[in-house]
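Peer 1: Here it is, the structure in full.
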Amino acid sequence: MTTYDSLTTASLLPRAEARALLEHASGRRREWLIAHGDEEAPEAVAAAFAELARRRRAGEPLAYLVGWREFHGRRFEVCEGILIPRADTEVAVRWACSVAAQRGRVLDLGTGSGAIAVSLALERPDLAVEATDVSPVAVEVAARNAQALGASALRVRQGNWYAALDEDERFDLIVANPPYLAADDPHLALGDLRHEPASALTDGADGLRALAAIVAGAAARLRAGGWLGVEHGWTQGAAVRTLLANAGFGKVRTLRDDEDRDRLTVGQAPAAPAQAG
Ligand SMILES: C[S@@+](CC[C@H](N)C(=O)[O-])C[C@H]1O[C@@H](n2cnc3c(N)ncnc32)[C@H](O)[C@@H]1O
């Protein structure tokens, strides 16, 4: 007899992964599967699970196989063509939540699944959060996540960084997790990254091109004293601090992730010059 438990054991996958795939194949919740592990699994469930397990062993990302990834305590829909949100990015959410002005306008550039924008909108319902992405798939998925998770006021627009916005739009805080791997970064050939969209991972150059474009355009889009925060690779902290300082930002510093690596560089736009007279 093929039980639910024997399926997960025979899959040779880590238990948590096997359980997530079995949840997906059976349509049963985790708690149900734990309580009924010694029961016989229907043939169709066993077959669907075996196929998912085969694809996982072949290296397909778990998040794409089950169609979601947890970020900041919530399940975000993901699919091929969308970056799988990473726990490292929670640094950006925590920072933005802590510095965003009450009832401020916030912009998430390159929103992907909407992980940052939706989390911010839900953690800080006083904020007006806007999001953009150049990828039409990302715009669709982020909008669906916003709706499904209860951030229905979040607007997601398509376009190249700031070009997605109206000319006169200004924000109190801009946050972005842009593609920051160099085109020849060997990590692109490893693990989940092999399956994720290259346009979400690399700028096709030295890894600083998208970061530089976002920093260069930020001052014109921020209100006086507004904040910019950009995520980057752990070796890019010094270079990104220089980008912000050269663009006139003050209070520039780099925050570290849970593994104590440089992850998010932030800075404040200058206050408006005093009125003459
Ligand atoms: C590293 S992913 C981040 C996704 C999401 N913010 C997150 O943290 O999970 C970078 C995102 O930037 C988007 N992107 C890349 N180039 C862009 C551009 N020129 N303008 C707007 N978005 C862009 C990609 O489509 C991708 O969704």
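By convention in this document, the chains of the structure tokens carry letters A, B, ... by their order, each chain's residues are numbered from 1, and ligands are numbered from 1 in the order they are shown.
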Please identify which residues in segment 25-183 of chain A DSSP calls strand (DSSP E) from the backbone, and express them as a list in words.

Peer 2: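 Matching residues for strand (DSSP E) in segment 25-183 of chain A are Trp68, Arg69, Glu70, Phe71, Arg74, Arg75, Phe76, Glu77, Arg105, Val106, Leu107, Asp108, Leu109, Ala128, Val129, Glu130, Ala131, Thr132, Asp133, Arg155, Val156, Arg157, Gln158, Phe171, Asp172, Leu173, Ile174, Val175 and Ala176 of chain A.
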
Peer 1: Hey, which residues come within 8 Å of ligand 1 if we count only C-alpha atoms and all ligand atoms? Could you give them as a PyMOL selection string?

Peer 2: chain A and resi 82-86+89+108-117+132-135+138+158-162+176-180+197+199-201+203+210

Peer 1: Between A:Arg223, A:Arg144, A:Arg54, A:Arg256, which one has atoms that come closest to Glu169 of chain A, using only C-alpha atoms?

Peer 2: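 Under the stated criterion, the closest residue is A:Arg223.
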
Peer 1: Could you check how far atom CA of Gly237 of chain A sits from atom CA of Ala219 of chain A, in Å to one decimal?

Peer 2: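 Between atom CA of Gly237 of chain A and atom CA of Ala219 of chain A the gap works out to 19.6 Å.
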
Peer 1: Pick out each residue of segment 2-227 of chain A that DSSP on the backbone tags as helix (DSSP H, G or I); I need them as a tab-separated table (two decimals) with N, CA and C atoms, in the first residue's frame.

Peer 2:
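Ended up saving to states-v3.tsv:
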```tsv
chain	number	residue	atom	x	y	z
A	4	TYR	N	0.62	8.20	2.27
A	4	TYR	CA	1.16	9.55	2.09
A	4	TYR	C	2.58	9.62	2.64
A	5	ASP	N	2.81	9.01	3.82
A	5	ASP	CA	4.15	9.07	4.41
A	5	ASP	C	5.17	8.34	3.55
A	6	SER	N	4.78	7.19	2.98
A	6	SER	CA	5.77	6.44	2.19
A	6	SER	C	6.13	7.20	0.91
A	7	LEU	N	5.17	7.97	0.39
A	7	LEU	CA	5.48	8.78	-0.80
A	7	LEU	C	6.59	9.78	-0.49
A	8	THR	N	6.43	10.50	0.62
A	8	THR	CA	7.43	11.54	0.94
A	8	THR	C	8.79	10.90	1.21
A	9	THR	N	8.80	9.78	1.93
A	9	THR	CA	10.08	9.12	2.25
A	9	THR	C	10.77	8.64	0.98
A	10	ALA	N	10.00	8.03	0.08
A	10	ALA	CA	10.59	7.44	-1.13
A	10	ALA	C	11.07	8.51	-2.11
A	15	ARG	N	12.42	16.54	3.85
A	15	ARG	CA	11.04	16.33	4.28
A	15	ARG	C	10.13	17.54	4.02
A	16	ALA	N	10.64	18.76	4.33
A	16	ALA	CA	9.79	19.95	4.17
A	16	ALA	C	9.42	20.15	2.70
A	17	GLU	N	10.36	19.87	1.82
A	17	GLU	CA	10.08	20.03	0.38
A	17	GLU	C	9.07	18.99	-0.08
A	18	ALA	N	9.29	17.73	0.36
A	18	ALA	CA	8.38	16.65	-0.04
A	18	ALA	C	6.96	16.95	0.45
A	19	ARG	N	6.86	17.45	1.69
A	19	ARG	CA	5.54	17.78	2.24
A	19	ARG	C	4.85	18.87	1.41
A	20	ALA	N	5.65	19.91	1.02
A	20	ALA	CA	5.06	21.01	0.24
A	20	ALA	C	4.55	20.48	-1.10
A	21	LEU	N	5.32	19.59	-1.72
A	21	LEU	CA	4.89	19.04	-3.02
A	21	LEU	C	3.65	18.15	-2.84
A	22	LEU	N	3.62	17.41	-1.73
A	22	LEU	CA	2.46	16.53	-1.50
A	22	LEU	C	1.20	17.35	-1.23
A	23	GLU	N	1.38	18.45	-0.49
A	23	GLU	CA	0.25	19.37	-0.27
A	23	GLU	C	-0.32	19.81	-1.62
A	24	HIS	N	0.61	20.16	-2.52
A	24	HIS	CA	0.20	20.67	-3.82
A	24	HIS	C	-0.47	19.57	-4.65
A	25	ALA	N	0.12	18.37	-4.65
A	25	ALA	CA	-0.41	17.27	-5.47
A	25	ALA	C	-1.77	16.79	-4.95
A	26	SER	N	-1.97	16.83	-3.63
A	26	SER	CA	-3.18	16.25	-3.05
A	26	SER	C	-4.28	17.28	-2.81
A	30	ARG	N	-1.26	20.80	5.15
A	30	ARG	CA	-0.14	20.15	5.84
A	30	ARG	C	-0.63	19.38	7.09
A	31	GLU	N	-1.50	20.04	7.87
A	31	GLU	CA	-1.97	19.43	9.12
A	31	GLU	C	-2.71	18.12	8.81
A	32	TRP	N	-3.50	18.13	7.73
A	32	TRP	CA	-4.25	16.92	7.35
A	32	TRP	C	-3.28	15.81	6.97
A	33	LEU	N	-2.26	16.17	6.20
A	33	LEU	CA	-1.31	15.16	5.75
A	33	LEU	C	-0.55	14.54	6.92
A	34	ILE	N	-0.25	15.36	7.93
A	34	ILE	CA	0.45	14.82	9.11
A	34	ILE	C	-0.48	13.86	9.85
A	35	ALA	N	-1.74	14.23	10.00
A	35	ALA	CA	-2.68	13.40	10.75
A	35	ALA	C	-3.06	12.12	10.00
A	43	GLU	N	-4.32	6.93	-6.32
A	43	GLU	CA	-3.32	6.72	-7.40
A	43	GLU	C	-2.97	8.02	-8.12
A	44	ALA	N	-4.01	8.83	-8.37
A	44	ALA	CA	-3.77	10.09	-9.11
A	44	ALA	C	-2.85	11.01	-8.32
A	45	VAL	N	-3.03	11.03	-6.99
A	45	VAL	CA	-2.18	11.88	-6.14
A	45	VAL	C	-0.75	11.34	-6.17
A	46	ALA	N	-0.61	10.02	-6.06
A	46	ALA	CA	0.74	9.41	-6.07
A	46	ALA	C	1.45	9.73	-7.38
A	47	ALA	N	0.71	9.67	-8.49
A	47	ALA	CA	1.33	9.92	-9.80
A	47	ALA	C	1.72	11.39	-9.93
A	48	ALA	N	0.82	12.29	-9.50
A	48	ALA	CA	1.13	13.73	-9.59
A	48	ALA	C	2.32	14.08	-8.71
A	49	PHE	N	2.35	13.49	-7.51
A	49	PHE	CA	3.46	13.75	-6.60
A	49	PHE	C	4.78	13.23	-7.18
A	50	ALA	N	4.74	12.02	-7.75
A	50	ALA	CA	5.98	11.43	-8.31
A	50	ALA	C	6.56	12.33	-9.40
A	51	GLU	N	5.69	12.91	-10.23
A	51	GLU	CA	6.15	13.79	-11.31
A	51	GLU	C	6.75	15.09	-10.73
A	52	LEU	N	6.08	15.66	-9.72
A	52	LEU	CA	6.62	16.89	-9.09
A	52	LEU	C	7.97	16.59	-8.43
A	53	ALA	N	8.07	15.44	-7.77
A	53	ALA	CA	9.31	15.09	-7.08
A	53	ALA	C	10.44	14.89	-8.10
A	54	ARG	N	10.09	14.29	-9.24
A	54	ARG	CA	11.11	14.10	-10.28
A	54	ARG	C	11.63	15.45	-10.77
A	55	ARG	N	10.71	16.38	-11.00
A	55	ARG	CA	11.12	17.71	-11.50
A	55	ARG	C	11.95	18.44	-10.44
A	56	ARG	N	11.57	18.28	-9.18
A	56	ARG	CA	12.34	18.94	-8.11
A	56	ARG	C	13.75	18.36	-8.04
A	57	ARG	N	13.84	17.02	-8.13
A	57	ARG	CA	15.19	16.39	-8.08
A	57	ARG	C	16.03	16.85	-9.27
A	62	LEU	N	11.43	24.80	-6.10
A	62	LEU	CA	10.23	24.36	-5.37
A	62	LEU	C	9.10	25.39	-5.52
A	63	ALA	N	9.46	26.67	-5.45
A	63	ALA	CA	8.43	27.72	-5.50
A	63	ALA	C	7.66	27.69	-6.83
A	64	TYR	N	8.34	27.40	-7.93
A	64	TYR	CA	7.65	27.32	-9.22
A	64	TYR	C	6.76	26.07	-9.27
A	65	LEU	N	7.21	24.99	-8.66
A	65	LEU	CA	6.42	23.75	-8.71
A	65	LEU	C	5.12	23.88	-7.90
A	66	VAL	N	5.20	24.57	-6.75
A	66	VAL	CA	3.99	24.68	-5.93
A	66	VAL	C	3.22	25.97	-6.23
A	87	ALA	N	14.37	35.85	1.55
A	87	ALA	CA	14.30	36.37	2.92
A	87	ALA	C	15.19	37.61	3.09
A	88	ASP	N	16.31	37.69	2.35
A	88	ASP	CA	17.21	38.85	2.45
A	88	ASP	C	16.46	40.17	2.23
A	89	THR	N	15.45	40.11	1.38
A	89	THR	CA	14.72	41.32	0.99
A	89	THR	C	13.83	41.84	2.12
A	90	GLU	N	13.63	41.01	3.16
A	90	GLU	CA	12.82	41.48	4.29
A	90	GLU	C	13.50	42.66	4.99
A	91	VAL	N	14.83	42.78	4.83
A	91	VAL	CA	15.55	43.94	5.39
A	91	VAL	C	14.94	45.23	4.82
A	92	ALA	N	14.66	45.22	3.52
A	92	ALA	CA	14.10	46.41	2.87
A	92	ALA	C	12.72	46.73	3.42
A	93	VAL	N	11.92	45.70	3.66
A	93	VAL	CA	10.56	45.93	4.19
A	93	VAL	C	10.65	46.50	5.61
A	94	ARG	N	11.52	45.89	6.43
A	94	ARG	CA	11.63	46.37	7.83
A	94	ARG	C	12.11	47.82	7.87
A	95	TRP	N	13.10	48.13	7.01
A	95	TRP	CA	13.64	49.49	6.99
A	95	TRP	C	12.56	50.47	6.54
A	96	ALA	N	11.88	50.16	5.43
A	96	ALA	CA	10.87	51.09	4.90
A	96	ALA	C	9.75	51.31	5.91
A	97	CYS	N	9.32	50.24	6.58
A	97	CYS	CA	8.26	50.37	7.59
A	97	CYS	C	8.71	51.31	8.71
A	98	SER	N	9.99	51.27	9.04
A	98	SER	CA	10.45	52.06	10.19
A	98	SER	C	10.68	53.52	9.85
A	99	VAL	N	10.99	53.87	8.58
A	99	VAL	CA	11.31	55.27	8.29
A	99	VAL	C	10.22	56.01	7.50
A	115	ALA	N	6.38	41.50	-3.63
A	115	ALA	CA	6.74	41.13	-2.26
A	115	ALA	C	6.93	42.35	-1.36
A	116	ILE	N	7.74	43.32	-1.81
A	116	ILE	CA	8.02	44.48	-0.95
A	116	ILE	C	6.77	45.37	-0.85
A	117	ALA	N	6.20	45.69	-2.01
A	117	ALA	CA	5.09	46.65	-2.03
A	117	ALA	C	3.89	46.14	-1.24
A	118	VAL	N	3.53	44.87	-1.45
A	118	VAL	CA	2.34	44.32	-0.77
A	118	VAL	C	2.61	44.24	0.74
A	119	SER	N	3.82	43.80	1.11
A	119	SER	CA	4.14	43.71	2.55
A	119	SER	C	4.03	45.09	3.19
A	120	LEU	N	4.59	46.11	2.51
A	120	LEU	CA	4.54	47.46	3.07
A	120	LEU	C	3.10	47.96	3.19
A	121	ALA	N	2.32	47.72	2.15
A	121	ALA	CA	0.94	48.19	2.17
A	121	ALA	C	0.16	47.55	3.31
A	122	LEU	N	0.49	46.28	3.62
A	122	LEU	CA	-0.25	45.59	4.68
A	122	LEU	C	0.29	45.93	6.07
A	123	GLU	N	1.60	46.11	6.18
A	123	GLU	CA	2.18	46.44	7.49
A	123	GLU	C	1.89	47.88	7.88
A	136	PRO	N	5.61	42.63	-18.03
A	136	PRO	CA	4.14	42.54	-17.94
A	136	PRO	C	3.70	41.38	-17.06
A	137	VAL	N	4.44	40.27	-17.05
A	137	VAL	CA	4.07	39.13	-16.18
A	137	VAL	C	4.16	39.56	-14.72
A	138	ALA	N	5.22	40.29	-14.38
A	138	ALA	CA	5.38	40.75	-13.00
A	138	ALA	C	4.23	41.68	-12.62
A	139	VAL	N	3.87	42.58	-13.52
A	139	VAL	CA	2.78	43.52	-13.22
A	139	VAL	C	1.49	42.76	-12.91
A	140	GLU	N	1.21	41.72	-13.72
A	140	GLU	CA	-0.01	40.92	-13.51
A	140	GLU	C	0.04	40.17	-12.18
A	141	VAL	N	1.18	39.51	-11.94
A	141	VAL	CA	1.27	38.68	-10.73
A	141	VAL	C	1.26	39.56	-9.48
A	142	ALA	N	1.97	40.69	-9.52
A	142	ALA	CA	1.99	41.59	-8.35
A	142	ALA	C	0.57	42.09	-8.07
A	143	ALA	N	-0.16	42.44	-9.12
A	143	ALA	CA	-1.53	42.93	-8.91
A	143	ALA	C	-2.40	41.83	-8.32
A	144	ARG	N	-2.20	40.58	-8.79
A	144	ARG	CA	-2.99	39.46	-8.22
A	144	ARG	C	-2.63	39.24	-6.75
A	145	ASN	N	-1.34	39.33	-6.43
A	145	ASN	CA	-0.94	39.14	-5.03
A	145	ASN	C	-1.53	40.24	-4.16
A	146	ALA	N	-1.52	41.48	-4.68
A	146	ALA	CA	-2.07	42.59	-3.90
A	146	ALA	C	-3.55	42.33	-3.59
A	147	GLN	N	-4.28	41.87	-4.60
A	147	GLN	CA	-5.71	41.59	-4.44
A	147	GLN	C	-5.92	40.44	-3.46
A	148	ALA	N	-5.17	39.34	-3.69
A	148	ALA	CA	-5.39	38.13	-2.88
A	148	ALA	C	-5.01	38.34	-1.42
A	149	LEU	N	-4.01	39.19	-1.18
A	149	LEU	CA	-3.52	39.34	0.19
A	149	LEU	C	-4.16	40.53	0.92
A	161	TRP	N	11.82	51.58	-15.04
A	161	TRP	CA	12.03	52.36	-13.81
A	161	TRP	C	11.03	53.52	-13.71
A	162	TYR	N	11.53	54.78	-13.64
A	162	TYR	CA	10.65	55.92	-13.38
A	162	TYR	C	9.75	56.27	-14.57
A	163	ALA	N	10.04	55.71	-15.75
A	163	ALA	CA	9.24	56.05	-16.92
A	163	ALA	C	7.80	55.55	-16.79
A	164	ALA	N	7.55	54.64	-15.86
A	164	ALA	CA	6.18	54.14	-15.66
A	164	ALA	C	5.31	55.18	-14.95
A	186	PRO	N	29.10	33.78	-11.74
A	186	PRO	CA	28.89	32.33	-11.83
A	186	PRO	C	27.64	31.83	-11.11
A	187	HIS	N	27.11	32.63	-10.16
A	187	HIS	CA	25.89	32.19	-9.46
A	187	HIS	C	24.70	32.03	-10.40
A	188	LEU	N	24.75	32.75	-11.54
A	188	LEU	CA	23.64	32.67	-12.49
A	188	LEU	C	23.44	31.25	-13.02
A	189	ALA	N	24.49	30.44	-12.94
A	189	ALA	CA	24.40	29.07	-13.46
A	189	ALA	C	24.08	28.06	-12.35
A	191	GLY	N	21.65	26.51	-8.97
A	191	GLY	CA	20.41	26.41	-8.21
A	191	GLY	C	19.20	27.03	-8.89
A	192	ASP	N	18.34	27.68	-8.07
A	192	ASP	CA	17.11	28.28	-8.59
A	192	ASP	C	17.40	29.32	-9.66
A	193	LEU	N	18.55	30.01	-9.56
A	193	LEU	CA	18.84	31.13	-10.47
A	193	LEU	C	18.82	30.70	-11.93
A	194	ARG	N	19.17	29.44	-12.20
A	194	ARG	CA	19.17	28.94	-13.59
A	194	ARG	C	17.79	29.04	-14.21
A	198	ALA	N	16.47	36.06	-16.34
A	198	ALA	CA	17.76	36.74	-16.29
A	198	ALA	C	17.57	38.24	-16.07
A	199	SER	N	16.47	38.79	-16.64
A	199	SER	CA	16.26	40.24	-16.53
A	199	SER	C	15.95	40.67	-15.11
A	200	ALA	N	15.62	39.72	-14.23
A	200	ALA	CA	15.38	40.06	-12.82
A	200	ALA	C	16.66	39.93	-12.00
A	201	LEU	N	17.65	39.26	-12.56
A	201	LEU	CA	18.85	38.93	-11.78
A	201	LEU	C	20.06	39.77	-12.15
A	209	ARG	N	24.72	48.77	-12.99
A	209	ARG	CA	24.06	49.65	-13.96
A	209	ARG	C	22.62	50.01	-13.54
A	210	ALA	N	21.83	48.99	-13.15
A	210	ALA	CA	20.45	49.27	-12.75
A	210	ALA	C	20.44	50.08	-11.45
A	211	LEU	N	21.33	49.73	-10.52
A	211	LEU	CA	21.42	50.48	-9.26
A	211	LEU	C	21.73	51.95	-9.55
A	212	ALA	N	22.68	52.19	-10.47
A	212	ALA	CA	23.07	53.57	-10.79
A	212	ALA	C	21.91	54.33	-11.42
A	213	ALA	N	21.13	53.65	-12.28
A	213	ALA	CA	20.00	54.33	-12.94
A	213	ALA	C	18.94	54.72	-11.90
A	214	ILE	N	18.70	53.82	-10.95
A	214	ILE	CA	17.69	54.11	-9.92
A	214	ILE	C	18.15	55.26	-9.02
A	215	VAL	N	19.41	55.21	-8.62
A	215	VAL	CA	19.93	56.27	-7.74
A	215	VAL	C	19.91	57.61	-8.49
A	216	ALA	N	20.33	57.60	-9.75
A	216	ALA	CA	20.42	58.85	-10.52
A	216	ALA	C	19.06	59.51	-10.67
A	217	GLY	N	18.00	58.70	-10.79
A	217	GLY	CA	16.68	59.29	-11.02
A	217	GLY	C	15.92	59.59	-9.74
A	218	ALA	N	16.44	59.16	-8.58
A	218	ALA	CA	15.63	59.20	-7.36
A	218	ALA	C	15.40	60.62	-6.84
A	219	ALA	N	16.44	61.46	-6.85
A	219	ALA	CA	16.31	62.79	-6.23
A	219	ALA	C	15.16	63.56	-6.87
A	220	ALA	N	15.00	63.42	-8.18
A	220	ALA	CA	13.94	64.16	-8.88
A	220	ALA	C	12.55	63.63	-8.54
A	221	ARG	N	12.48	62.43	-7.96
A	221	ARG	CA	11.18	61.81	-7.66
A	221	ARG	C	10.85	61.83	-6.17
```

Peer 1: I'd like the interatomic distance between atom CA of Arg124 of chain A and atom CA of Trp227 of chain A, to a tenth of an Å.

Peer 2: 16.1 Å

Peer 1: Report, in Å to a single decimal, how far apart atom CA of Trp68 of chain A and atom CA of Ala41 of chain A are.

Peer 2: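 Atom-to-atom, atom CA of Ala41 of chain A and atom CA of Trp68 of chain A are spaced 23.5 Å apart.
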
Peer 1: Kindly indicate which residue among A:Met1, A:Ala153, A:Cys79, A:Val266 lies nearest to Glu40 of chain A, using only C-alpha atoms for the distances.

Peer 2: A:Met1

Peer 1: Smallest atom-to-atom distance to Asp168 of chain A: which of A:Ala58, A:Ala245, A:Leu222, A:Leu255, using only C-alpha atoms?

Peer 2: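 For Asp168 of chain A, the nearest of the candidates is A:Leu222.
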